[in-house]
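S.K.: Sending over a structure as structure tokens; questions will come in a sec.
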Amino acid sequence: MGGVINAVIQPEPPGLMLAQIQNGPTQMVSGNIFEGLLRYSPKLEPLPELAESWSASEDAKTYTFKLRKGVTWHDGKPFTSADVLFSIEMLKQTHARARNNLAQVDKVEAPDDYTVVFTLKQPFGPFLGIFEVGSMPMVPKHLYEGTDWKTNAYNNAPIGTGPFMFKEWQKGSFIRLVKNPNYYEKGKPYIDEIYWQIIPDAAARSVAYETGKVDVLPGGSVENFDVPRLSKLKDTCVTGAGWEFFSPLAWLWLNNRQGPLADKRVRQAIMYAIDRDFAKDVIWNGLGKVATGPSASTIKYYTSDVPKYPYDPAKAKALLKEAGYKGEKIRLLPLAYGETWQRWGEAVKQNLQDVGMNIETIATDVAGGNQKIGDWDYDIAFTYLYQYGDPALGVGRNYVSSAIAKGQVFNNVEGYSNPEIDKLFADGAVATPDSKRKEIYEKAQKILVEDVPVAWMLELQFPTIMRCKVKNLITTGIGVNDGFKDAWLDK
Amino acid sequence: MLSFVAQRVVKGVIVLLAIVVLNFFLIRLAPGDPAVVMAGEAGASDQVFVKQLREKFGLDKPLPEQLFIYVKGVVALDLGFSFRQQAPVAKLIGERLPATLLLTLTAFAISLMLGVLFGTFAARFAGTFLDTAITVFALIFYAMPIFWVALMGILLFSVTMDWLPSFGYETVGANLTGFAHAVDVAKHLIMPAMTLGLFFMATYTRMTRASMLEVKRLDFVKTARAKGLSDAVIQRRHVLRNALLPVVTLAGVHAGTLIGGAVITETVFAWPGIGRLMYDALLQRDYNLLLGVFVTCSIMVLIFNLITDLVYRLVDPRIEFAS
């Protein structure tokens with residue numbers, strides 16, 4: 001046991017204080033420093049982490065968590081229920097997703113040091129799905145209470161309860177984590193140190209792996225067209241697992257408000273016009289899966305029993321004609337996330353031109369693109385979003401009319417408004433039992449697929465490439481984001 | 001000379017303030033909102049969150065007020081706070097500046113020395129095979145984009161031959177000290193410095209050659225030759241010295257802009273310098289950090305311009321400091 005793992009982190013995280021910064025790279029590094037109350041299996045069943053057991057009341061309105069005893073922060077102070085209460089208060093102010101997730105919580109109490117009781121305003125179906133480290137990281141009360149959180153010195157040298165401790169960050173070069181010798185799971189972690197290497201250029205990241213300088217390329221670290229080549233290298237193992245909790249789904253925002261796209265038939269024509277199998281097989285090198293609707297097949301209550309949109313240019317043309325489309329100009333915003341996305345933008349443009357649509361590509365960087373989308377100044381725009389395991393957490397936000405708010409991205413920017421859908425998502429979040437939720441969400445999926453508020457493209461797969469000697473890195477549905485706890489090196 | 005320097009410094013400060021104001025508005029002209037970028041990265045962009053961020057950045061204040069706050073800070077030598085990186089801008093720049101200076105000054109020294117050397121040779125042996133060879137190579141290096149040279153260098157020297165490291169400033173985790181550390185850094189420096197230096201070297205080669213050939217035709221060279229001076233003395237003392245003036249001008253301009261030019265090199269080779277800091281800050285619309293880097297670069301340009309003017313005087317004593 002022991003040893004050092006060199007992994008790539010891309011891009012360099014802005015900071016490591018997970019309670020205040022929630023972008024992907026921050027979570028990937030800090031998910032080993034901080035912990036949540038629960039983890040999730042690849043099937044998204046809750047697993048113990050800082051909570052060793054939990055139970056729900058009959059009416060599904062009270063949840064009791066029993067905390068693990070003998071857990072200490074990296075500075076030696078004990079972790080107790082007071083930390084949980086403090087973390088929740090802090091997260092409500094600093095963590096937008098946690099605030100939304102906690103909206104149904106009426107009160108949180110700690111009857112003793114190792115028990116936390118959540119009382120909900122009404123039953124909330126996905127409640128047990130909101131406790132993973134990125135969604136609800138535990139923060140040390142003794143270091144943050146009464147301080148200015150934004151400028152607290154521990155933001156730059158974070159203290160958590162996790163299997164690894166922060167050691168060093170050479171900005172622009174690497175972040176170094178070392179083993180927590182007092183970790184509560186005896187014997188773990190097995191690895192002594194993790195170096196997260198910061199290499200900004202995608203080709204240089206591939207070379208770093210090829211030349212043996214790094215051992216792990218987490219999903220999304222290299223361009224997709226490099227994946228097949230790197231996968232074939234000696235002693236290299238590849239897995240697409242570890243993204244089940246996030247379930248990234250790619251789609252095209254379609255601006256439902258104005259122009260030809262306000263007509264449902266034009267939006268349906270777009271679904272028929274785009275060769276999504278080509279995108280999967282050629283642009284994404286066979287990785288991923290063609291999406292059937294608003295839910296990825298990996299999240300709860302998914303159904304494939306929805307209207308289908310196979311690649312059918314003739315049908316697309318017929319629908320466009322029926323809708324009276326006369327070649328009005330349509331602006332397409334590709335996603336500035338690198339070469340793969342650029343190529344995808346080209347392919348979609350070609351598909352749409354083939355059925356007679358007049359497409360103009362607008363080139364922007366990510367910040368510029370986000371502003372255009374947030375200001376509704378677009379016709380078609382690429383995006384991909386995480387779904388967080390449950391339609392109430394990661395699907396509804398893109399389709400309910402209460403999520404239409406100008407100036408923001410990742411909500412209902414397409415401007416789709418359907419009272420029936422609003423009601424279904426409102427009911428689905430609080431319905432019991434599970435079978436009732438299933439029924440509601442299946443109905444919602446059918447309606448949405450018929451209406452095509454956005455054009456669903458692919459369930460993305462971000463393969464993790466690593467040396468085969470790295471074992472057990474991906475054991476949960478959160479993957480590399482909290483995975484180094486169980487990882488070990490085969491010598 | 002002192003009054004000359006003092007005058008230039010005062011002018012420099014005025015130029016700097018103008019640059020700050022101009023950049024302040026230019027950055028904000030680009031579409032993209034730092035609050036929305038950060039909210040987007042957080043995977044949640046509800047109204048409360050974006051509003052909170054705007055207040056935190058001071059972006060909710062009117063633009064003239066934002067400018068006033070920023071300029072007041074700069075005058076007091078405070079470059080502000082990067083909310084994205086949760087650290088003072090001056091600290092972030094200070095951490096990265098040494099690596100960039102090491103890279104750019106090495107590249108600059110290599111390019112200037114080799115450029116002048118090759119240019120002199122080419123002029124001395126004008127019309128011969130050596131001249132053609134130097135000119136052709138210079139043209140090739142001048143024409144190749146930096147990122148391509150960098151990638152080819154990595155392919156050849158790292159992947160194929162395994163001679164040089166492909167990325168970074170030092171071997172991570174090796175914990176080397178003293179001489180061993182210096183050697184390690186030098187190994188990491190070779191490829192990025194050569195990549196960045198080759199382009200400029202090509203420029204100086206061509207410039208030196210052209211300039212020397214021009215000076216060679218002038219009357220005073222004929223006179224020197226008539227006086228019976230040796231060819232080496234004529235080349236070194238009369239031709240080269242006069243031919244260097246345009247090269248010095250060009251080098252002065254280049255030296256100031258090398259920091260900006262290092263963006264691509266630093267990105268490809270994962271060199272932890274200020275160029276990359278600037279690039280990231282731009283993509284993330286980290287206004288304070290971006291302005292801070294611009295101010296730093298502007299100061300560099302002003303300093304190098306001043307040095308250029310002083311060097312002029314050394315190269316050609318006929319030039320006087322106008323006061």
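Residues are named by chain letter and number: chains run A, B, ... in the order of the structure tokens, numbers start at 1 in each chain, and ligands are numbered from 1 in the order shown.
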Counting only C-alpha atoms, collect the residues of chain A whose closest atom lies at most 9 Å from chain B, and write them out as a PyMOL selection string.

M.R.: chain A and resi 13-15+20-24+93-97+100+150-151+155-156+170-174+176+195+197-205+207-208+210-211+213+364-372+374+385-386+403+405+407-411

S.K.: Could you tell me, as an MDAnalysis selection string, which residues of stretch 35-272 of chain B DSSP assigns to strand (DSSP E) when given the backbone?

M.R.: chainID B and resid 81:82 87:88

S.K.: What gap, in Å, lies between atom CA of A:Glu420 and atom CA of A:Lys315?

M.R.: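 Going from atom CA of A:Glu420 over to atom CA of A:Lys315 covers 28.0 Å.
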
S.K.: Which parts of stretch 148-213 of chain B does DSSP call alpha helix (DSSP H) when run on the backbone here, written out as an mmCIF file with C-alpha atoms, in the first residue's frame?

M.R.:
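Result written to out_9.cif:
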data_model
loop_
_atom_site.group_PDB
_atom_site.id
_atom_site.type_symbol
_atom_site.label_atom_id
_atom_site.label_comp_id
_atom_site.auth_asym_id
_atom_site.auth_seq_id
_atom_site.Cartn_x
_atom_site.Cartn_y
_atom_site.Cartn_z
ATOM 1 C CA TRP B 148 2.930 24.682 -33.759
ATOM 2 C CA VAL B 149 6.650 24.941 -33.028
ATOM 3 C CA ALA B 150 5.798 24.147 -29.405
ATOM 4 C CA LEU B 151 3.767 21.055 -30.260
ATOM 5 C CA MET B 152 6.406 19.790 -32.702
ATOM 6 C CA GLY B 153 9.070 20.354 -30.068
ATOM 7 C CA GLY B 178 20.052 23.890 -4.703
ATOM 8 C CA PHE B 179 21.959 23.032 -7.872
ATOM 9 C CA ALA B 180 19.847 19.971 -8.671
ATOM 10 C CA HIS B 181 16.747 22.172 -8.581
ATOM 11 C CA ALA B 182 18.352 24.767 -10.850
ATOM 12 C CA VAL B 183 19.246 22.054 -13.371
ATOM 13 C CA ASP B 184 15.703 20.692 -13.173
ATOM 14 C CA VAL B 185 14.189 24.127 -13.833
ATOM 15 C CA ALA B 186 16.669 24.710 -16.671
ATOM 16 C CA LYS B 187 15.597 21.450 -18.317
ATOM 17 C CA HIS B 188 11.976 22.533 -18.120
ATOM 18 C CA LEU B 189 12.918 25.973 -19.437
ATOM 19 C CA ILE B 190 14.729 24.902 -22.613
ATOM 20 C CA MET B 191 11.746 24.096 -24.805
ATOM 21 C CA PRO B 192 9.467 27.010 -23.886
ATOM 22 C CA ALA B 193 12.351 29.505 -24.040
ATOM 23 C CA MET B 194 13.507 28.201 -27.420
ATOM 24 C CA THR B 195 9.975 28.172 -28.788
ATOM 25 C CA LEU B 196 9.376 31.737 -27.758
ATOM 26 C CA GLY B 197 12.908 32.817 -28.675
ATOM 27 C CA LEU B 198 13.069 31.316 -32.170
ATOM 28 C CA PHE B 199 10.431 33.633 -33.577
ATOM 29 C CA PHE B 200 12.177 36.736 -32.274
ATOM 30 C CA MET B 201 15.578 35.373 -33.220
ATOM 31 C CA ALA B 202 14.423 35.106 -36.796
ATOM 32 C CA THR B 203 13.261 38.715 -36.709
ATOM 33 C CA TYR B 204 16.593 39.990 -35.354
ATOM 34 C CA THR B 205 18.565 37.902 -37.837
ATOM 35 C CA ARG B 206 16.754 39.405 -40.779
ATOM 36 C CA MET B 207 16.838 42.898 -39.321
ATOM 37 C CA THR B 208 20.547 42.787 -38.517
ATOM 38 C CA ARG B 209 21.396 41.415 -41.936
ATOM 39 C CA ALA B 210 19.407 44.022 -43.820
ATOM 40 C CA SER B 211 20.648 46.864 -41.681
ATOM 41 C CA MET B 212 24.306 45.819 -41.961
ATOM 42 C CA LEU B 213 24.127 45.499 -45.721
#

S.K.: Skipping near chain neighbours, those fewer than 4 positions away, what residues fall within 10 Å of stretch 67-73 of chain A using only C-alpha atoms, listed as JSON, numbers by chain?

M.R.: {"A": [33, 34, 37, 48, 49, 50, 51, 52, 53, 54, 77, 78, 79, 80, 81, 84, 113, 114, 115, 116, 139, 140, 159, 160, 161, 162, 165, 180, 182, 183, 184, 185]}

S.K.: Could you take the residues named above and write them with C-alpha atoms, as a PDB file, in the first residue's frame?

M.R.:
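The resulting file, out07.pdb, is reproduced below:
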ATOM      1  CA  ILE A  33     -10.643  16.986   1.612  1.00  0.00           C
ATOM      2  CA  PHE A  34     -14.258  17.554   2.640  1.00  0.00           C
ATOM      3  CA  LEU A  37     -23.229  13.063   5.225  1.00  0.00           C
ATOM      4  CA  PRO A  48     -22.910   6.082   4.731  1.00  0.00           C
ATOM      5  CA  GLU A  49     -20.202   8.711   4.979  1.00  0.00           C
ATOM      6  CA  LEU A  50     -20.269  11.118   7.931  1.00  0.00           C
ATOM      7  CA  ALA A  51     -23.718   9.786   8.787  1.00  0.00           C
ATOM      8  CA  GLU A  52     -23.567   6.099   9.649  1.00  0.00           C
ATOM      9  CA  SER A  53     -27.316   5.543   9.541  1.00  0.00           C
ATOM     10  CA  TRP A  54     -30.530   7.401   8.746  1.00  0.00           C
ATOM     11  CA  LYS A  77     -11.111  18.996  16.733  1.00  0.00           C
ATOM     12  CA  PRO A  78     -14.061  16.554  16.857  1.00  0.00           C
ATOM     13  CA  PHE A  79     -16.800  16.612  14.229  1.00  0.00           C
ATOM     14  CA  THR A  80     -20.274  16.854  15.798  1.00  0.00           C
ATOM     15  CA  SER A  81     -23.862  17.726  15.008  1.00  0.00           C
ATOM     16  CA  VAL A  84     -23.802  20.020  10.593  1.00  0.00           C
ATOM     17  CA  ASP A 113     -23.769  15.592  19.530  1.00  0.00           C
ATOM     18  CA  TYR A 114     -24.299  12.719  17.142  1.00  0.00           C
ATOM     19  CA  THR A 115     -27.902  13.096  15.992  1.00  0.00           C
ATOM     20  CA  VAL A 116     -29.347  15.509  13.449  1.00  0.00           C
ATOM     21  CA  VAL A 139     -17.667  22.873   7.158  1.00  0.00           C
ATOM     22  CA  PRO A 140     -15.750  23.237  10.476  1.00  0.00           C
ATOM     23  CA  ILE A 159      -9.708  21.913   6.795  1.00  0.00           C
ATOM     24  CA  GLY A 160     -12.129  19.048   6.306  1.00  0.00           C
ATOM     25  CA  THR A 161     -12.768  15.580   7.690  1.00  0.00           C
ATOM     26  CA  GLY A 162     -11.855  13.763   4.473  1.00  0.00           C
ATOM     27  CA  MET A 165      -5.452  16.832   3.828  1.00  0.00           C
ATOM     28  CA  ASN A 180      -4.997  11.980   6.669  1.00  0.00           C
ATOM     29  CA  ASN A 182      -6.217  10.008  11.651  1.00  0.00           C
ATOM     30  CA  TYR A 183      -8.937   9.072   9.180  1.00  0.00           C
ATOM     31  CA  TYR A 184     -11.846   7.347  10.874  1.00  0.00           C
ATOM     32  CA  GLU A 185     -11.902   4.364   8.552  1.00  0.00           C
TER      33      GLU A 185
END

S.K.: Of the candidates A:Arg331, A:Arg276, A:Lys66, A:Lys300, which one gets nearest to A:Asn351 if we count only C-alpha atoms?

M.R.: A:Arg276

S.K.: Which residue is closest to B:Ala18? Choose from B:Val71, B:Val215, B:Trp163, B:Leu156 and count only C-alpha atoms.

M.R.: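 Checking each candidate against B:Ala18, we get B:Val71 as the closest.
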
S.K.: To one decimal in Å, tell me the separation between atom CA of B:Thr308 and atom CA of B:Ala251.

M.R.: 8.1 Å

S.K.: Rank nothing, just name the residue among B:Val9, B:Leu22, B:Val89, B:Leu245 nearest to B:Asp286, using only C-alpha atoms.

M.R.: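 So, comparing all the options, the nearest one is B:Val89.
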
S.K.: Could you check which of A:Thr26, A:Thr119, A:Asn398, A:Ser297 is closest to A:Val133, using only C-alpha atoms?

M.R.: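 Ranking A:Thr26, A:Thr119, A:Asn398, A:Ser297 by distance to A:Val133, first place goes to A:Thr26.
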
S.K.: Can you measure atom CA of A:Ala7 to atom CA of A:Lys289 for me? One decimal in Å is fine.

M.R.: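 Separation between atom CA of A:Ala7 and atom CA of A:Lys289: 26.8 Å.
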
S.K.: Hey, what's within 10 Å of A:Ser206 if we count only C-alpha atoms and toss same-chain stuff fewer than 5 positions away? As a ChimeraX atom specification, please?

M.R.: /A:8,199,201,211,214,217,221-223,226-227,229-230
